[in-house]
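Shown below: coords_28.tsv, with TSV, C-alpha atoms.
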```tsv
chain	number	residue	atom	x	y	z
A	23	MET	CA	0.00	0.00	0.00
A	24	ILE	CA	1.46	3.35	-0.97
A	25	GLU	CA	0.98	6.75	0.61
A	26	ASP	CA	-2.50	8.09	-0.21
A	27	THR	CA	-2.80	11.73	0.81
A	28	ALA	CA	-5.63	13.83	-0.65
A	29	LEU	CA	-4.33	16.92	-2.42
A	30	ASP	CA	-7.43	18.89	-1.43
A	31	ALA	CA	-6.38	18.78	2.26
A	32	THR	CA	-5.15	22.01	3.85
A	33	LEU	CA	-1.47	22.59	4.62
A	34	ASN	CA	-0.42	24.45	7.72
A	35	GLU	CA	0.45	28.13	7.36
A	36	SER	CA	4.22	27.82	6.91
A	37	ALA	CA	3.93	24.94	4.43
A	38	ALA	CA	1.32	26.87	2.44
A	39	ARG	CA	3.71	29.86	2.27
A	40	PHE	CA	6.42	27.50	1.04
A	41	ILE	CA	4.18	26.21	-1.79
A	42	THR	CA	3.36	29.81	-2.75
A	43	TYR	CA	7.09	30.56	-2.81
A	44	LEU	CA	7.68	27.62	-5.16
A	45	GLN	CA	4.95	28.83	-7.49
A	46	ASP	CA	5.60	32.57	-7.48
A	47	VAL	CA	9.34	32.90	-6.85
A	48	ARG	CA	10.91	29.69	-8.12
A	49	ARG	CA	8.17	29.37	-10.75
A	50	LEU	CA	8.10	25.59	-10.64
A	51	SER	CA	5.61	23.75	-12.81
A	52	PRO	CA	2.14	22.85	-11.44
A	53	HIS	CA	3.11	19.17	-11.58
A	54	THR	CA	6.23	19.74	-9.45
A	55	THR	CA	4.46	21.94	-6.91
A	56	SER	CA	1.65	19.39	-6.55
A	57	ASN	CA	4.30	16.76	-5.75
A	58	TYR	CA	5.80	19.05	-3.10
A	59	LYS	CA	2.35	19.60	-1.63
A	60	ARG	CA	1.62	15.88	-1.58
A	61	ASP	CA	4.88	15.17	0.25
A	62	LEU	CA	4.29	17.89	2.85
A	63	LEU	CA	0.71	16.73	3.40
A	64	SER	CA	2.09	13.27	4.08
A	65	LEU	CA	4.55	14.69	6.62
A	66	GLN	CA	1.79	16.79	8.18
A	67	ARG	CA	-0.38	13.69	8.51
A	68	TYR	CA	2.52	11.94	10.25
A	69	CYS	CA	2.63	14.78	12.78
A	70	GLU	CA	-1.09	14.54	13.45
A	71	THR	CA	-0.96	10.79	14.08
A	72	HIS	CA	2.14	11.00	16.30
A	73	ASN	CA	1.01	13.85	18.57
A	74	LYS	CA	3.32	16.45	17.06
A	75	ASP	CA	1.93	19.99	17.20
A	76	ALA	CA	3.70	21.23	14.08
A	77	MET	CA	6.20	20.10	11.44
A	78	GLU	CA	8.57	22.82	12.64
A	79	GLU	CA	9.06	20.80	15.86
A	80	LEU	CA	10.20	17.62	14.12
A	81	VAL	CA	13.69	16.26	14.79
A	82	GLU	CA	15.85	13.90	12.77
A	83	ALA	CA	14.42	10.82	14.49
A	84	ASP	CA	10.93	11.86	13.41
A	85	ILE	CA	12.00	12.26	9.79
A	86	ARG	CA	13.65	8.84	9.86
A	87	ALA	CA	10.50	7.29	11.34
A	88	TRP	CA	8.35	8.96	8.67
A	89	ALA	CA	10.62	7.71	5.88
A	90	SER	CA	10.48	4.21	7.35
A	91	GLN	CA	6.70	4.44	7.46
A	92	LEU	CA	6.60	5.36	3.77
A	93	HIS	CA	8.86	2.40	3.00
A	94	ARG	CA	6.61	-0.02	4.93
A	95	ARG	CA	3.62	1.28	3.00
A	96	GLY	CA	5.29	0.24	-0.24
A	97	LEU	CA	6.53	3.58	-1.53
A	98	ALA	CA	9.48	3.14	-3.88
A	99	GLY	CA	12.92	4.36	-2.85
A	100	GLY	CA	12.92	7.07	-5.53
A	101	SER	CA	9.58	8.41	-4.31
A	102	ILE	CA	10.78	8.45	-0.70
A	103	GLN	CA	13.92	10.30	-1.79
A	104	ARG	CA	11.71	12.88	-3.53
A	105	SER	CA	9.67	13.28	-0.33
A	106	LEU	CA	12.84	13.80	1.69
A	107	SER	CA	14.13	16.32	-0.85
A	108	ALA	CA	10.87	18.27	-0.57
A	109	THR	CA	11.21	18.18	3.22
A	110	ARG	CA	14.80	19.50	3.11
A	111	SER	CA	13.71	22.33	0.83
A	112	TYR	CA	10.85	23.17	3.18
A	113	PHE	CA	13.10	23.36	6.25
A	114	ASN	CA	15.66	25.39	4.31
A	115	PHE	CA	12.84	27.79	3.48
A	116	LEU	CA	11.95	28.01	7.18
A	117	GLY	CA	15.58	28.70	7.97
A	118	ARG	CA	15.72	31.63	5.58
A	119	GLU	CA	12.36	32.92	6.76
A	120	ASN	CA	12.72	32.47	10.54
A	121	GLY	CA	16.46	32.21	11.03
A	122	VAL	CA	16.19	28.59	12.19
A	123	LEU	CA	19.36	26.78	11.10
A	124	ARG	CA	18.27	23.26	12.07
A	125	ASN	CA	17.24	21.00	9.20
A	126	PRO	CA	16.21	17.57	10.55
A	127	ALA	CA	16.05	16.00	7.09
A	128	THR	CA	19.63	16.81	6.06
A	129	SER	CA	21.23	13.45	6.84
A	130	VAL	CA	18.21	11.19	6.30
A	131	GLN	CA	18.48	9.02	3.19
A	132	ALA	CA	15.90	6.86	1.45
A	133	PRO	CA	16.45	3.12	1.00
A	134	ARG	CA	18.54	2.57	-2.09
A	135	LYS	CA	16.82	0.90	-5.00
A	136	PRO	CA	18.58	-1.12	-7.69
A	137	ARG	CA	19.13	1.09	-10.70
A	138	LYS	CA	17.33	-0.29	-13.71
A	139	LEU	CA	18.94	0.17	-17.08
A	140	PRO	CA	16.63	1.91	-19.56
A	141	LYS	CA	15.16	-0.16	-22.37
A	142	THR	CA	16.46	0.75	-25.81
A	143	LEU	CA	16.06	-0.31	-29.42
A	144	ASP	CA	19.00	-1.12	-31.65
A	145	ALA	CA	19.44	0.75	-34.93
A	146	ASP	CA	17.70	-1.95	-36.99
A	147	GLN	CA	14.71	-1.98	-34.65
A	148	VAL	CA	14.46	1.81	-34.87
A	149	ASP	CA	14.49	1.62	-38.67
A	150	LYS	CA	11.74	-1.00	-38.59
A	151	TYR	CA	9.66	1.03	-36.15
A	152	LEU	CA	9.90	4.30	-38.08
A	153	VAL	CA	8.28	2.87	-41.23
A	154	PHE	CA	4.80	4.38	-41.45
A	155	GLU	CA	2.86	2.82	-44.32
A	156	SER	CA	-0.10	5.23	-44.41
A	157	GLU	CA	0.06	8.75	-45.85
A	158	THR	CA	-2.94	10.10	-43.96
A	159	ALA	CA	-2.65	13.28	-41.90
A	160	VAL	CA	-2.66	11.30	-38.66
A	161	ALA	CA	0.07	8.96	-39.92
A	162	CYS	CA	2.20	11.91	-41.06
A	163	ARG	CA	1.79	13.53	-37.66
A	164	ASP	CA	2.67	10.32	-35.82
A	165	SER	CA	5.68	9.78	-38.07
A	166	ALA	CA	6.88	13.34	-37.42
A	167	MET	CA	6.52	12.87	-33.65
A	168	ALA	CA	8.42	9.57	-33.66
A	169	GLU	CA	11.18	10.96	-35.88
A	170	LEU	CA	11.58	14.03	-33.67
A	171	PHE	CA	11.78	11.92	-30.51
A	172	TYR	CA	14.59	9.83	-31.96
A	173	SER	CA	16.28	12.70	-33.82
A	174	SER	CA	16.60	15.04	-30.85
A	175	GLY	CA	16.17	12.88	-27.74
A	176	LEU	CA	13.21	14.83	-26.39
A	177	ARG	CA	11.23	14.09	-23.27
A	178	LEU	CA	7.52	13.41	-23.69
A	179	ALA	CA	6.40	16.72	-22.17
A	180	GLU	CA	8.99	18.59	-24.23
A	181	LEU	CA	7.67	17.24	-27.50
A	182	ALA	CA	4.05	17.94	-26.57
A	183	ALA	CA	4.98	21.56	-25.81
A	184	VAL	CA	6.86	22.23	-29.07
A	185	ASN	CA	5.48	25.13	-31.13
A	186	VAL	CA	5.91	25.58	-34.86
A	187	ASN	CA	8.15	28.61	-34.36
A	188	ASP	CA	10.47	26.68	-32.04
A	189	ILE	CA	12.04	24.96	-35.05
A	190	ASP	CA	14.45	26.76	-37.36
A	191	PRO	CA	14.58	24.65	-40.56
A	192	GLN	CA	17.50	26.67	-41.92
A	193	SER	CA	19.84	26.03	-39.01
A	194	LYS	CA	18.20	22.65	-38.27
A	195	LEU	CA	17.84	23.58	-34.60
A	196	LEU	CA	15.01	23.27	-32.10
A	197	THR	CA	14.61	25.21	-28.86
A	198	VAL	CA	12.84	23.23	-26.14
A	199	THR	CA	11.88	23.93	-22.54
A	200	GLY	CA	12.75	21.06	-20.23
A	201	LYS	CA	12.62	20.31	-16.53
A	202	GLY	CA	12.81	23.31	-14.25
A	203	ARG	CA	11.73	25.45	-17.23
A	204	LYS	CA	15.28	25.39	-18.53
A	205	THR	CA	15.64	25.90	-22.26
A	206	ARG	CA	18.17	24.21	-24.50
A	207	THR	CA	18.81	24.08	-28.21
A	208	VAL	CA	19.12	20.71	-29.92
A	209	PRO	CA	19.78	19.70	-33.53
A	210	VAL	CA	17.04	18.20	-35.68
A	211	GLY	CA	17.95	15.63	-38.33
A	212	SER	CA	17.05	16.02	-41.99
A	213	THR	CA	14.63	13.08	-41.95
A	214	ALA	CA	12.77	14.52	-38.98
A	215	LEU	CA	12.57	17.93	-40.70
A	216	GLN	CA	11.16	16.33	-43.83
A	217	THR	CA	8.45	14.44	-41.94
A	218	ILE	CA	7.57	17.59	-39.99
A	219	ALA	CA	7.28	19.52	-43.25
A	220	ARG	CA	4.90	16.90	-44.64
A	221	TRP	CA	2.80	17.11	-41.49
A	222	LEU	CA	2.66	20.91	-41.64
A	223	GLU	CA	1.24	20.69	-45.15
A	224	LEU	CA	-1.71	18.73	-43.73
A	225	ARG	CA	-2.02	20.41	-40.33
A	226	PRO	CA	-4.98	22.84	-40.01
A	227	LEU	CA	-3.68	26.39	-40.38
A	228	ASP	CA	-6.95	28.33	-40.08
A	229	PRO	CA	-7.24	29.62	-36.47
A	230	ALA	CA	-10.92	28.75	-36.67
A	231	GLU	CA	-9.97	25.11	-37.21
A	232	THR	CA	-7.53	24.77	-34.32
A	233	ALA	CA	-7.70	25.66	-30.64
A	234	ASP	CA	-3.94	26.20	-30.40
A	235	PRO	CA	-2.56	27.64	-33.67
A	236	GLY	CA	1.01	27.72	-32.32
A	237	ALA	CA	1.20	24.03	-31.43
A	238	LEU	CA	3.30	21.88	-33.74
A	239	PHE	CA	1.41	18.68	-33.06
A	240	THR	CA	-2.37	18.79	-32.77
A	241	SER	CA	-5.16	16.25	-32.36
A	242	ASN	CA	-8.02	15.63	-34.76
A	243	ARG	CA	-9.96	18.31	-32.88
A	244	GLY	CA	-7.29	20.91	-33.48
A	245	ARG	CA	-6.08	20.99	-29.88
A	246	ARG	CA	-2.47	20.56	-28.79
A	247	ILE	CA	-1.95	16.83	-28.63
A	248	SER	CA	-1.89	15.42	-25.09
A	249	VAL	CA	0.92	13.33	-23.65
A	250	ARG	CA	-1.42	10.36	-23.26
A	251	ASN	CA	-2.43	10.58	-26.89
A	252	ILE	CA	1.24	10.66	-27.92
A	253	GLN	CA	1.94	7.58	-25.82
A	254	ALA	CA	-1.03	5.73	-27.31
A	255	ARG	CA	-0.09	6.61	-30.89
A	256	LEU	CA	3.53	5.47	-30.50
A	257	LYS	CA	2.39	2.25	-28.87
A	258	LEU	CA	-0.03	1.60	-31.74
A	259	GLN	CA	2.72	2.19	-34.30
A	260	GLY	CA	4.89	-0.35	-32.50
A	261	ARG	CA	2.21	-2.99	-32.92
A	262	LYS	CA	1.65	-2.08	-36.56
A	263	SER	CA	5.36	-2.38	-37.30
A	264	GLY	CA	5.56	-5.81	-35.65
A	265	MET	CA	7.65	-4.87	-32.62
A	266	HIS	CA	7.76	-7.52	-29.90
A	267	GLN	CA	7.54	-4.98	-27.09
A	268	ASP	CA	5.48	-1.90	-26.34
A	269	ILE	CA	7.18	1.27	-27.57
A	270	HIS	CA	6.97	4.40	-25.45
A	271	PRO	CA	8.46	7.88	-25.96
A	272	HIS	CA	11.27	7.44	-23.44
A	273	MET	CA	12.40	4.29	-25.23
A	274	LEU	CA	13.12	6.44	-28.29
A	275	ARG	CA	14.88	9.02	-26.08
A	276	HIS	CA	16.96	6.27	-24.47
A	277	SER	CA	17.79	4.82	-27.87
A	278	PHE	CA	18.89	8.25	-29.08
A	279	ALA	CA	21.19	8.65	-26.09
A	280	SER	CA	22.62	5.15	-26.32
A	281	HIS	CA	23.32	5.38	-30.05
A	282	MET	CA	24.86	8.85	-29.73
A	283	LEU	CA	27.16	7.74	-26.93
A	284	GLU	CA	28.08	4.51	-28.71
A	285	SER	CA	29.07	6.44	-31.85
A	286	SER	CA	30.73	9.49	-30.32
A	287	GLY	CA	31.90	8.45	-26.86
A	288	ASP	CA	31.27	12.06	-25.80
A	289	LEU	CA	29.39	11.84	-22.51
A	290	ARG	CA	29.31	15.61	-21.97
A	291	ALA	CA	27.77	16.24	-25.37
A	292	VAL	CA	25.06	13.63	-24.73
A	293	GLN	CA	24.39	15.25	-21.35
A	294	GLU	CA	23.81	18.61	-23.03
A	295	LEU	CA	21.59	17.12	-25.71
A	296	LEU	CA	19.43	15.33	-23.16
A	297	GLY	CA	19.21	18.33	-20.84
A	298	HIS	CA	20.51	16.45	-17.79
A	299	ALA	CA	21.50	18.72	-14.91
A	300	ASN	CA	23.97	16.13	-13.57
A	301	ILE	CA	26.27	14.00	-15.64
A	302	SER	CA	25.65	11.09	-13.25
A	303	THR	CA	22.19	10.78	-14.82
A	304	THR	CA	23.76	10.47	-18.27
A	305	GLN	CA	26.33	7.92	-17.09
A	306	ILE	CA	23.71	5.18	-17.01
A	307	TYR	CA	24.09	4.98	-20.78
A	308	THR	CA	27.74	4.03	-20.36
A	309	HIS	CA	26.48	0.88	-18.64
A	310	LEU	CA	24.35	0.10	-21.70
A	311	ASP	CA	27.39	0.56	-23.92
A	312	PHE	CA	29.45	-1.66	-21.62
A	313	GLN	CA	26.80	-4.37	-21.78
A	314	HIS	CA	27.07	-4.33	-25.57
A	315	LEU	CA	30.86	-4.53	-25.43
A	316	ALA	CA	30.68	-7.36	-22.90
A	317	LYS	CA	28.40	-9.38	-25.20
A	318	VAL	CA	30.80	-8.85	-28.11
A	319	TYR	CA	33.71	-9.91	-25.90
A	320	ASP	CA	31.95	-13.03	-24.63
A	321	ALA	CA	31.04	-14.05	-28.18
A	322	SER	CA	34.43	-13.32	-29.72
A	323	HIS	CA	37.31	-13.74	-27.28
A	324	PRO	CA	38.79	-17.26	-27.25
A	325	ARG	CA	39.36	-17.22	-23.51
A	326	ALA	CA	35.87	-15.92	-22.79
A	327	LYS	CA	34.11	-18.93	-24.31
A	328	ARG	CA	33.28	-21.82	-22.05
A	329	ARG	CA	34.99	-25.05	-22.95
A	330	LYS	CA	32.79	-28.02	-23.55
A	331	ASP	CA	33.24	-30.91	-21.16
A	332	SER	CA	35.41	-33.58	-22.74
```
Before we go any further, please render this structure as structure tokens.
Amino acid sequence: MIEDTALDATLNESAARFITYLQDVRRLSPHTTSNYKRDLLSLQRYCETHNKDAMEELVEADIRAWASQLHRRGLAGGSIQRSLSATRSYFNFLGRENGVLRNPATSVQAPRKPRKLPKTLDADQVDKYLVFESETAVACRDSAMAELFYSSGLRLAELAAVNVNDIDPQSKLLTVTGKGRKTRTVPVGSTALQTIARWLELRPLDPAETADPGALFTSNRGRRISVRNIQARLKLQGRKSGMHQDIHPHMLRHSFASHMLESSGDLRAVQELLGHANISTTQIYTHLDFQHLAKVYDASHPRAKRRKDS
């Protein structure tokens, strides 16, 4: 059972000020602020059930007990770490606001979870997947979305938010807004540009026909296409192309990163292209590359092969 805290509950005064600070000063996305609120509501509920008058009175032992409670309820290690990060930020906010230097969450760590390697497609599988047989408007749009995912390594939300004017066909560059509202410029391949151009020829241009004239990718109703619709369309294309696994947007992003790193060996460049704040996040793709090298070694090196019993 995982933590189930209603978002319509009321935070205490200091926590509510903290959420307002995140929205108005740090200008975090609604999704991120709702996660912060959910985490603080969970901590507030812990206080209420353990006879604590306010979160400001919590000590390190309380934070550890709360994290252990989340773990027993089945919350994943990554989610607990996010809750602890939100708690540290909250107490840092209190320190700046009230001059209180104590942060009880500073040294508390979530249980470590085994790091799963991202699923990727090899180059042949990508080629097979990106064959769209139909020339309808919907097929051209789906082809353009898939090509752009693999061409530029975009996140799902980034692709959904792309506007027509974000792409410069002359320089073959795209400006995207990623996590933390940080912008970056990424290259767009010629094939992706061609499929986007075909889609734009069929995309409704009359403002009366579309609810969001700036959006690059729109639904049949003329609205900016939703992330769920994108996921469903890519999954459907995977089945049509005969893939033996469900295809999702991040699989194309992971494949982009893996293939770029395998070809270039430039980890810093891949980090910039993906928009990772920390290079440690990008380093997971070195493990994928090592797995490939290990398979080649095991299949090729004379001393790596197991000898048959005589």
*Identify which of the residues A:Leu283, A:Val210, A:Asn187, A:Leu143 lies closest to Pro235 of chain A, counting all atoms listed in the file when measuring atom-to-atom distances.*
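Using all atoms listed in the file, the shortest distance to Pro235 of chain A belongs to A:Asn187.
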*Hey, what's within 9 Å of Val249 of chain A if we count all atoms listed in the file and toss same-chain stuff fewer than 4 positions away? As a ChimeraX atom specification, please?*
/A:178-179,181-182,253-254
*Might you pull out every residue within 6 Å of segment 212-225 of chain A, with all atoms listed in the file counted and same-chain residues fewer than 4 positions away left off, and present them as a PyMOL selection string?*
chain A and resi 159+162-163+166+169-170
*asked:* If I take atom CA of Ala31 of chain A and atom CA of Ser129 of chain A, how far is one from the other in Å, to one decimal?
replied: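 Pair atom CA of Ala31 of chain A / atom CA of Ser129 of chain A returns 28.5 Å.
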*Closest of A:Arg275, A:Arg177, A:Val130, A:Tyr307 to Asp288 of chain A - atom-to-atom distances counting all atoms listed in the file*: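 When distances to Asp288 of chain A are compared using all atoms listed in the file, the smallest one comes from A:Tyr307.
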